[in-house]
$ cat my_file-v9.csv   # CSV, C-alpha atoms (C1' of nucleotides)
chain,number,residue,atom,x,y,z
A,4,MET,CA,-21.2,13.9,57.8
A,5,SER,CA,-22.0,10.3,57.6
A,6,THR,CA,-20.0,7.7,59.5
A,7,GLU,CA,-17.7,5.6,57.4
A,8,PHE,CA,-17.0,2.1,58.7
A,9,ARG,CA,-13.5,0.7,58.2
A,10,CYS,CA,-14.6,-2.9,58.5
A,11,SER,CA,-17.3,-5.1,60.1
A,12,CYS,CA,-15.5,-5.5,63.5
A,13,PRO,CA,-17.9,-4.3,66.3
A,14,ILE,CA,-15.1,-2.7,68.2
A,15,THR,CA,-13.6,-0.8,65.3
A,16,SER,CA,-17.2,0.2,64.3
A,17,ALA,CA,-17.9,1.5,67.8
A,18,ILE,CA,-14.8,3.6,67.5
A,19,ASP,CA,-15.9,4.8,64.1
A,20,MET,CA,-19.2,5.9,65.6
A,21,ILE,CA,-18.1,7.6,68.8
A,22,GLY,CA,-14.3,7.4,68.8
A,23,ASP,CA,-13.5,11.0,67.7
A,24,LYS,CA,-11.9,13.5,70.0
A,25,TRP,CA,-15.1,15.2,71.1
A,26,SER,CA,-18.3,13.1,71.0
A,27,LEU,CA,-17.8,11.2,74.2
A,28,VAL,CA,-16.6,14.4,76.0
A,29,VAL,CA,-19.8,16.2,75.0
A,30,ILE,CA,-21.9,13.2,76.1
A,31,LYS,CA,-20.0,13.0,79.4
A,32,ASN,CA,-20.7,16.7,80.2
A,33,MET,CA,-24.4,16.2,79.5
A,34,LEU,CA,-24.5,13.1,81.6
A,35,LEU,CA,-22.4,14.1,84.7
A,36,TYR,CA,-23.0,17.8,84.9
A,37,ASN,CA,-26.5,17.8,83.3
A,38,LEU,CA,-25.5,20.4,80.7
A,39,LYS,CA,-28.3,21.0,78.2
A,40,THR,CA,-27.6,24.2,76.1
A,41,PHE,CA,-25.1,25.2,73.5
A,42,LYS,CA,-23.7,27.8,75.9
A,43,ASP,CA,-23.4,25.4,78.8
A,44,LEU,CA,-21.5,22.9,76.6
A,45,SER,CA,-19.2,25.5,75.2
A,46,GLU,CA,-18.1,26.7,78.6
A,47,THR,CA,-16.7,23.4,80.0
A,48,ASN,CA,-13.1,22.8,81.1
A,49,GLU,CA,-12.3,21.1,77.7
A,50,LYS,CA,-12.7,24.5,75.9
A,51,ILE,CA,-14.3,23.1,72.8
A,52,ALA,CA,-14.5,25.5,69.8
A,53,THR,CA,-18.0,26.6,68.9
A,54,ASN,CA,-17.7,25.4,65.3
A,55,ILE,CA,-16.7,21.9,66.5
A,56,LEU,CA,-19.4,21.9,69.1
A,57,ALA,CA,-22.0,22.8,66.5
A,58,SER,CA,-20.8,20.1,64.1
A,59,ARG,CA,-20.6,17.5,66.9
A,60,LEU,CA,-24.1,18.2,68.2
A,61,LYS,CA,-25.5,17.9,64.7
A,62,ALA,CA,-23.7,14.6,64.2
A,63,LEU,CA,-24.8,13.3,67.6
A,64,GLU,CA,-28.4,14.2,66.8
A,65,ALA,CA,-28.2,12.6,63.3
A,66,LYS,CA,-26.8,9.4,64.9
A,67,GLY,CA,-29.6,9.3,67.5
A,68,PHE,CA,-27.5,9.9,70.7
A,69,ILE,CA,-29.2,13.2,71.6
A,70,THR,CA,-32.3,15.2,70.8
A,71,LYS,CA,-32.6,18.9,70.1
A,72,THR,CA,-35.8,20.7,71.2
A,73,LYS,CA,-36.8,24.3,71.6
A,74,PRO,CA,-38.9,24.8,74.7
A,75,ALA,CA,-42.3,26.6,74.3
A,76,ASN,CA,-41.4,29.5,76.6
A,77,ASN,CA,-38.0,30.2,75.0
A,78,LYS,CA,-37.7,30.4,71.3
A,79,LYS,CA,-33.9,31.0,71.4
A,80,THR,CA,-32.2,28.4,73.5
A,81,ASN,CA,-32.1,24.9,72.2
A,82,ILE,CA,-32.2,22.1,74.8
A,83,TYR,CA,-30.0,19.1,74.0
A,84,LEU,CA,-30.9,15.8,75.8
A,85,LEU,CA,-29.5,12.3,75.8
A,86,THR,CA,-31.6,9.6,74.2
A,87,ASP,CA,-31.7,6.0,75.4
A,88,LYS,CA,-29.1,5.3,72.8
A,89,GLY,CA,-26.9,8.1,74.2
A,90,LEU,CA,-27.4,6.7,77.7
A,91,SER,CA,-26.3,3.3,76.4
A,92,LEU,CA,-22.8,4.7,76.2
A,93,ILE,CA,-22.6,5.0,80.0
A,94,PRO,CA,-20.7,1.7,80.5
A,95,ILE,CA,-18.0,2.9,78.1
A,96,ILE,CA,-17.7,6.2,79.9
A,97,ILE,CA,-17.5,4.5,83.3
A,98,GLU,CA,-14.6,2.3,82.0
A,99,LEU,CA,-12.8,5.3,80.7
A,100,ALA,CA,-13.3,7.0,84.1
A,101,ILE,CA,-12.0,4.1,86.0
A,102,TRP,CA,-9.0,3.7,83.6
A,103,GLY,CA,-8.2,7.4,83.7
A,104,ASP,CA,-8.5,7.5,87.4
A,105,THR,CA,-6.2,4.6,88.1
A,106,ASN,CA,-3.6,5.3,85.3
A,107,LEU,CA,-3.2,9.0,85.0
A,108,ASN,CA,-2.6,10.2,88.5
A,109,GLU,CA,1.2,10.2,88.0
A,110,ILE,CA,0.9,12.2,84.8
A,111,HIS,CA,-1.6,14.8,86.0
A,112,THR,CA,-0.6,17.0,88.9
A,113,SER,CA,-4.2,17.0,90.0
A,114,LEU,CA,-7.1,14.9,88.6
A,115,ASN,CA,-10.6,16.3,89.0
A,116,ARG,CA,-12.2,14.1,91.7
A,117,ASP,CA,-15.7,15.7,91.5
A,118,ASN,CA,-17.1,12.3,90.9
A,119,PRO,CA,-16.6,9.5,93.4
A,120,ILE,CA,-14.8,7.1,91.0
A,121,GLU,CA,-13.3,4.9,93.7
A,122,TYR,CA,-16.8,4.3,94.9
A,123,ILE,CA,-18.0,3.6,91.4
A,124,LYS,CA,-15.3,0.9,91.0
A,125,LEU,CA,-16.8,-1.1,93.8
A,126,ASN,CA,-19.9,-1.8,91.9
A,127,LYS,CA,-19.8,-0.9,88.2
A,128,GLU,CA,-23.0,-2.6,87.1
A,129,LYS,CA,-25.0,-0.8,89.7
A,130,PHE,CA,-23.6,2.6,88.7
A,131,VAL,CA,-24.6,2.2,85.1
A,132,GLY,CA,-28.1,2.2,86.3
A,133,VAL,CA,-27.5,4.9,88.9
A,134,PHE,CA,-26.1,7.4,86.4
A,135,LYS,CA,-28.9,6.7,84.0
A,136,ASP,CA,-31.6,7.1,86.6
A,137,GLN,CA,-29.9,10.2,88.0
A,138,TYR,CA,-29.8,11.8,84.5
A,139,LEU,CA,-33.4,10.9,83.7
A,140,GLU,CA,-34.6,12.3,87.1
A,141,LYS,CA,-32.8,15.6,86.6
A,142,VAL,CA,-34.3,15.9,83.1
A,143,LYS,CA,-37.7,15.2,84.5
A,144,ALA,CA,-37.3,17.6,87.4
A,145,ALA,CA,-36.3,20.4,85.1
A,146,ALA,CA,-39.3,19.8,82.8
A,147,VAL,CA,-41.8,20.6,85.6
B,240,MET,CA,4.1,13.3,69.5
B,241,SER,CA,3.4,14.0,73.2
B,242,THR,CA,0.0,13.7,74.6
B,243,GLU,CA,-1.7,17.1,75.3
B,244,PHE,CA,-4.3,17.0,78.0
B,245,ARG,CA,-7.3,19.3,77.6
B,246,CYS,CA,-8.2,19.4,81.3
B,247,SER,CA,-7.9,17.3,84.5
B,248,CYS,CA,-11.0,15.2,84.0
B,249,PRO,CA,-10.0,11.5,84.1
B,250,ILE,CA,-12.5,10.7,81.3
B,251,THR,CA,-11.3,13.4,78.9
B,252,SER,CA,-7.7,12.5,79.8
B,253,ALA,CA,-8.3,8.9,79.0
B,254,ILE,CA,-9.6,10.0,75.6
B,255,ASP,CA,-6.6,12.2,75.2
B,256,MET,CA,-4.4,9.2,75.8
B,257,ILE,CA,-6.1,6.4,73.7
B,258,GLY,CA,-9.0,8.1,72.0
B,259,ASP,CA,-7.5,8.6,68.6
B,260,LYS,CA,-8.8,6.7,65.5
B,261,TRP,CA,-6.1,3.9,65.6
B,262,SER,CA,-4.6,3.2,69.0
B,263,LEU,CA,-7.3,1.0,70.4
B,264,VAL,CA,-7.8,-0.7,67.0
B,265,VAL,CA,-4.1,-1.7,67.0
B,266,ILE,CA,-4.3,-2.9,70.6
B,267,LYS,CA,-7.5,-4.8,69.9
B,268,ASN,CA,-5.8,-6.7,67.0
B,269,MET,CA,-2.8,-7.5,69.2
B,270,LEU,CA,-5.1,-8.8,72.0
B,271,LEU,CA,-7.8,-10.7,70.1
B,272,TYR,CA,-5.9,-12.0,67.1
B,273,ASN,CA,-2.5,-12.2,68.8
B,274,LEU,CA,-0.8,-10.1,66.1
B,275,LYS,CA,2.8,-9.3,66.9
B,276,THR,CA,4.7,-8.0,63.9
B,277,PHE,CA,4.5,-4.9,61.8
B,278,LYS,CA,3.4,-6.9,58.8
B,279,ASP,CA,0.6,-8.7,60.7
B,280,LEU,CA,-0.7,-5.5,62.0
B,281,SER,CA,-0.6,-3.8,58.6
B,282,GLU,CA,-2.7,-6.6,57.0
B,283,THR,CA,-5.8,-6.4,59.2
B,284,ASN,CA,-9.3,-5.6,57.9
B,285,GLU,CA,-9.0,-2.0,59.0
B,286,LYS,CA,-6.3,-1.4,56.3
B,287,ILE,CA,-4.1,1.0,58.3
B,288,ALA,CA,-1.6,2.9,56.3
B,289,THR,CA,2.0,1.9,57.1
B,290,ASN,CA,3.1,5.4,58.1
B,291,ILE,CA,0.2,5.6,60.5
B,292,LEU,CA,1.0,2.2,61.9
B,293,ALA,CA,4.6,3.1,62.4
B,294,SER,CA,3.7,6.3,64.2
B,295,ARG,CA,1.1,4.6,66.4
B,296,LEU,CA,3.4,1.8,67.4
B,297,LYS,CA,6.1,4.4,68.4
B,298,ALA,CA,3.5,6.4,70.4
B,299,LEU,CA,2.1,3.3,72.1
B,300,GLU,CA,5.6,2.2,73.1
B,301,ALA,CA,6.5,5.6,74.4
B,302,LYS,CA,3.3,5.6,76.5
B,303,GLY,CA,4.1,2.2,77.9
B,304,PHE,CA,1.2,0.2,76.3
B,305,ILE,CA,3.4,-2.1,74.2
B,306,THR,CA,7.1,-3.3,74.0
B,307,LYS,CA,9.2,-3.7,70.9
B,308,THR,CA,11.8,-6.5,70.9
B,309,LYS,CA,13.9,-8.3,68.3
B,310,PRO,CA,14.1,-12.0,69.0
B,311,ALA,CA,17.5,-13.6,69.1
B,312,ASN,CA,16.9,-15.9,66.1
B,313,ASN,CA,15.5,-13.3,63.8
B,314,LYS,CA,17.3,-10.0,63.3
B,315,LYS,CA,14.7,-8.6,60.9
B,316,THR,CA,11.3,-8.9,62.4
B,317,ASN,CA,10.4,-6.8,65.5
B,318,ILE,CA,7.9,-8.3,68.0
B,319,TYR,CA,5.4,-6.0,69.5
B,320,LEU,CA,3.7,-7.2,72.8
B,321,LEU,CA,1.2,-5.7,75.1
B,322,THR,CA,2.4,-4.6,78.6
B,323,ASP,CA,0.3,-4.8,81.7
B,324,LYS,CA,-0.6,-1.2,81.1
B,325,GLY,CA,-1.8,-2.2,77.6
B,326,LEU,CA,-3.8,-5.1,79.0
B,327,SER,CA,-5.4,-2.7,81.5
B,328,LEU,CA,-7.4,-1.4,78.5
B,329,ILE,CA,-9.3,-4.7,78.1
B,330,PRO,CA,-12.4,-3.5,80.1
B,331,ILE,CA,-12.7,-0.5,77.8
B,332,ILE,CA,-12.3,-2.7,74.7
B,333,ILE,CA,-14.9,-5.1,76.1
B,334,GLU,CA,-17.4,-2.3,76.6
B,335,LEU,CA,-16.8,-1.1,73.1
B,336,ALA,CA,-17.4,-4.7,71.8
B,337,ILE,CA,-20.6,-5.0,73.7
B,338,TRP,CA,-21.9,-1.6,72.6
B,339,GLY,CA,-20.9,-2.2,69.0
B,340,ASP,CA,-22.5,-5.6,69.0
B,341,THR,CA,-25.8,-4.5,70.4
B,342,ASN,CA,-26.1,-1.2,68.6
B,343,LEU,CA,-24.6,-1.6,65.1
B,344,ASN,CA,-26.4,-4.7,63.8
B,345,GLU,CA,-28.9,-2.6,61.9
B,346,ILE,CA,-26.3,-0.4,60.3
B,347,HIS,CA,-23.9,-3.1,59.3
B,348,THR,CA,-25.1,-5.8,56.9
B,349,SER,CA,-22.9,-8.2,58.7
B,350,LEU,CA,-20.9,-7.8,61.8
B,351,ASN,CA,-18.0,-10.0,62.4
B,352,ARG,CA,-18.9,-12.5,65.1
B,353,ASP,CA,-15.6,-14.2,65.4
B,354,ASN,CA,-15.6,-13.5,69.1
B,355,PRO,CA,-18.4,-14.8,71.3
B,356,ILE,CA,-19.7,-11.4,72.4
B,357,GLU,CA,-23.1,-12.6,73.6
B,358,TYR,CA,-21.2,-15.0,75.9
B,359,ILE,CA,-18.9,-12.2,77.1
B,360,LYS,CA,-21.9,-10.1,78.1
B,361,LEU,CA,-23.0,-12.6,80.6
B,362,ASN,CA,-20.0,-12.2,82.8
B,363,LYS,CA,-17.9,-9.1,81.9
B,364,GLU,CA,-15.6,-9.1,84.9
B,365,LYS,CA,-14.6,-12.7,84.3
B,366,PHE,CA,-13.7,-12.0,80.7
B,367,VAL,CA,-11.4,-9.2,81.5
B,368,GLY,CA,-9.3,-11.8,83.2
B,369,VAL,CA,-10.0,-14.4,80.5
B,370,PHE,CA,-8.7,-12.2,77.7
B,371,LYS,CA,-5.7,-11.2,79.8
B,372,ASP,CA,-4.7,-14.8,80.7
B,373,GLN,CA,-5.4,-15.9,77.1
B,374,TYR,CA,-3.1,-13.3,75.7
B,375,LEU,CA,-0.3,-13.9,78.2
B,376,GLU,CA,-0.6,-17.7,77.6
B,377,LYS,CA,-0.2,-17.3,73.8
B,378,VAL,CA,2.8,-15.0,74.3
B,379,LYS,CA,4.3,-17.5,76.7
B,380,ALA,CA,3.6,-20.5,74.3
B,381,ALA,CA,5.1,-18.6,71.4
B,382,ALA,CA,8.3,-17.8,73.4
B,383,VAL,CA,9.1,-21.5,73.9
C,213,DT,C1',24.6,-13.0,44.0
C,214,DT,C1',20.1,-12.0,42.9
C,215,DT,C1',15.5,-11.5,44.7
C,216,DA,C1',12.0,-10.9,48.1
C,217,DT,C1',10.5,-9.4,52.6
C,218,DT,C1',10.3,-6.5,56.6
C,219,DG,C1',10.0,-2.2,58.7
C,220,DC,C1',10.0,1.5,58.2
C,221,DT,C1',10.6,7.0,56.0
C,222,DT,C1',9.5,10.5,52.7
C,223,DT,C1',6.5,12.9,49.7
C,224,DT,C1',2.4,14.6,48.2
C,225,DA,C1',-2.6,15.0,48.7
C,226,DT,C1',-6.7,15.3,51.3
C,227,DA,C1',-9.4,15.7,55.5
C,228,DT,C1',-10.1,17.4,60.1
C,229,DT,C1',-9.5,20.7,63.6
C,230,DG,C1',-8.7,25.2,65.8
C,231,DC,C1',-9.1,30.1,66.0
C,232,DA,C1',-11.1,34.5,65.0
C,233,DA,C1',-14.6,36.9,63.3
C,234,DG,C1',-19.2,37.5,61.6
C,235,DT,C1',-24.3,36.9,61.5
C,236,DA,C1',-29.2,36.5,62.5
C,237,DA,C1',-32.8,36.1,65.7
C,238,DA,C1',-34.5,36.6,70.2
C,239,DA,C1',-34.3,38.8,74.6
C,240,DT,C1',-32.9,42.4,77.6
C,241,DT,C1',-32.1,47.0,78.9
C,242,DA,C1',-32.5,52.3,78.3
D,199,DT,C1',-39.1,52.0,70.6
D,200,DA,C1',-34.3,51.8,69.8
D,201,DA,C1',-30.0,50.1,71.2
D,202,DT,C1',-27.5,46.4,73.3
D,203,DT,C1',-26.6,41.8,74.6
D,204,DT,C1',-27.1,36.9,74.4
D,205,DT,C1',-27.5,32.6,72.1
D,206,DA,C1',-26.6,29.6,68.5
D,207,DC,C1',-24.7,29.1,65.2
D,208,DT,C1',-21.7,29.9,60.1
D,209,DT,C1',-17.8,31.3,57.5
D,210,DG,C1',-12.9,31.7,56.2
D,211,DC,C1',-8.3,30.6,56.8
D,212,DA,C1',-4.3,28.5,59.0
D,213,DA,C1',-2.5,24.5,61.3
D,214,DT,C1',-2.5,19.8,62.1
D,215,DA,C1',-3.6,14.9,61.2
D,216,DT,C1',-4.4,11.3,58.2
D,217,DA,C1',-4.1,8.8,53.7
D,218,DA,C1',-2.0,6.8,49.6
D,219,DA,C1',1.9,5.9,47.1
D,220,DA,C1',6.6,5.5,46.4
D,221,DG,C1',11.2,4.8,48.1
D,222,DC,C1',14.9,2.6,50.8
D,223,DA,C1',18.1,0.1,53.9
D,224,DA,C1',18.7,-4.1,56.3
D,225,DT,C1',18.1,-8.8,56.5
D,226,DA,C1',16.9,-13.4,54.8
D,227,DA,C1',16.0,-16.8,51.4
D,228,DA,C1',17.1,-19.0,46.7
$ encode --input "my_file-v9.csv" --output "C-alpha cells"
Amino acid sequence: MSTEFRCSCPITSAIDMIGDKWSLVVIKNMLLYNLKTFKDLSETNEKIATNILASRLKALEAKGFITKTKPANNKKTNIYLLTDKGLSLIPIIIELAIWGDTNLNEIHTSLNRDNPIEYIKLNKEKFVGVFKDQYLEKVKAAAV
Amino acid sequence: MSTEFRCSCPITSAIDMIGDKWSLVVIKNMLLYNLKTFKDLSETNEKIATNILASRLKALEAKGFITKTKPANNKKTNIYLLTDKGLSLIPIIIELAIWGDTNLNEIHTSLNRDNPIEYIKLNKEKFVGVFKDQYLEKVKAAAV
DNA sequence: TTTATTGCTTTTATATTGCAAGTAAAATTA
DNA sequence: TAATTTTACTTGCAATATAAAAGCAATAAA
C-alpha cells in the first residue's frame, strides 16, 4: 500500500499522505486519549472496522508515523506509539479541532467537549508543545 | 450526498466534512491560484476527473463553502467563489502546506515552491488574514 | 450555419471500505 | 492439563466511491 502522489504540490501531497478517512482519526485517538493497543483503538466512538484498523496501522507504521513494539512481559499485545513524525501532525489536528468546534455546533446536537478547545484557541502555538509533551510524558510514565 | 458523522468528536467531524480526497484540493486551487470556472478547476496538476469535480462542487455548494453564479455578460460559464465558511478553512490548508513542505522533500524529487511557504511559517496567524484578503481582493478586482 | 467550448451526465471499470466470520497464538480459568 | 477467552489480526463478499471515457445540451464564436 504505497502512497501515490497526484502532483508535486505540498498541500495535495500532504492530503495524499494522511488525508484518508481514518489515519488522522487513529492518530488523534493515540494522542488525545493515549490509546496504545489494537483493542483500545478498535473500541473508540468512531467504530472503525478491525480490517481497516489493521491496514491503517500497517500503513502508518510503514510511513513512519507510529511504531509497533511487543513489550517483554506480554508477548500478545502490541503497543503502538507515535513517533516524532506522528507528533508533527499535531498542528493539523489542532486546526481541525478548532474548525470543527467553531463550525459544527449547529449541525451536531452535541459536540464532545472533553478537550478544552476554547482554551486551546487562545494560544495555539503553545498547545502544539503542550500536547506533544503531554503525550511523551504519558508514554514515559507507562514505561516505568 | 449528505455528510454522515461518525461521532460527536469535532476533529472526526471536521474530517467527515472536508476530509475526502478532493474537497480541500479544490478549495486550495480556488484560494491560491484564484481559479473560478469548471474548466480552470478541471485543468489543475491534480488531474481531477470531470464527474468527480462536478459532484465535489455540488457538495461544496450544498455545505456552504462555495457559491455558484452566472455572470450577467456570460450565460455559459459558471463562476465558483469561496464563501466566508470556505475561507475559514485557510488555517487548515496552511498547516497542511507547512507539514507537506517540511516532511515531503525527501519523498518528492521536486516540490512545487510557487508559494513562499518558508515565509508563511514565520508568521502563520498573519498569513491566514493575508490569504483571505488576497482572495477577496482578487475577487473584487475581477468583478469590476 | 457550422464549429468549438463549457459544464456537465452517463456508462463502464476499478479501487476502497464495511461487515461478518474465521484463525492462530497467548493468556486465563476450571 | 484442558477448555475457554482475549488479542490481533486475515479472509471473503457486498456495498460504496472513484476513475476514465464517451456523450450531450446549451451557449458562443467564426
$ atom_distance --input "my_file-v9.csv" --atom1 "CA of Leu296 in chain B" --atom2 "CA of Lys260 in chain B"
13.3 Å
$ atom_distance --input "my_file-v9.csv" --atom1 "CA of Leu280 in chain B" --atom2 "C1' of DT229 in chain C"
27.7 Å
$ atom_distance --input "my_file-v9.csv" --atom1 "CA of Lys314 in chain B" --atom2 "CA of Ala288 in chain B"
23.9 Å
$ residues_around --input "my_file-v9.csv" --residues "Thr6 in chain A" --least-positions-apart "5" --cutoff "12 Å" --atoms "all atoms listed in the file" --output "MDAnalysis selection string"
(chainID A and resid 16:23 62:63 65:66) or (chainID B and resid 343 346:347)
$ residues_around --input "my_file-v9.csv" --residues "DC207 in chain D" --least-positions-apart "3" --cutoff "9 Å" --atoms "only C-alpha atoms (C1' of nucleotides)" --output "MDAnalysis selection string"
(chainID A and resid 53:54 57) or (chainID C and resid 235)
$ write_last_selection --input "my_file-v9.csv" --atoms "C-alpha atoms (C1' of nucleotides)" --output "PDB file, in the coordinates of the input"
ATOM      1  CA  THR A  53     -18.000  26.600  68.900  1.00  0.00           C
ATOM      2  CA  ASN A  54     -17.700  25.400  65.300  1.00  0.00           C
ATOM      3  CA  ALA A  57     -22.000  22.800  66.500  1.00  0.00           C
TER       4      ALA A  57
ATOM      5  C1'  DT C 235     -24.300  36.900  61.500  1.00  0.00           C
TER       6       DT C 235
END
$ interface_residues --input "my_file-v9.csv" --of "chain A" --to "chain B" --cutoff "10 Å" --atoms "all atoms listed in the file" --output "ChimeraX atom specification"
/A:8-25,27-29,31,47-51,88,91-108,110-118,120,127-128
$ closest_atom_pairs --input "my_file-v9.csv" --of "chain A" --to "chain D" --cutoff "7 Å" --atoms "all atoms listed in the file" --output "Markdown table"
| residue | atom | partner | partner_atom | distance |
| --- | --- | --- | --- | --- |
| A:Phe41 | CA | D:DA206 | C1' | 6.8 |
| A:Ala57 | CA | D:DC207 | C1' | 7.0 |
| A:Lys79 | CA | D:DT205 | C1' | 6.6 |
| A:Thr80 | CA | D:DT205 | C1' | 6.5 |
$ interface_residues --input "my_file-v9.csv" --of "chain C" --to "chain A" --cutoff "9 Å" --atoms "all atoms listed in the file" --output "list in words"
DT229, DG230, DC231, DA237, DA238 and DA239 of chain C
$ closest_residue --input "my_file-v9.csv" --among "B:Leu292, B:Ala381, B:Leu326, B:Val369" --to "DG219 in chain C" --atoms "all atoms listed in the file"
B:Leu292
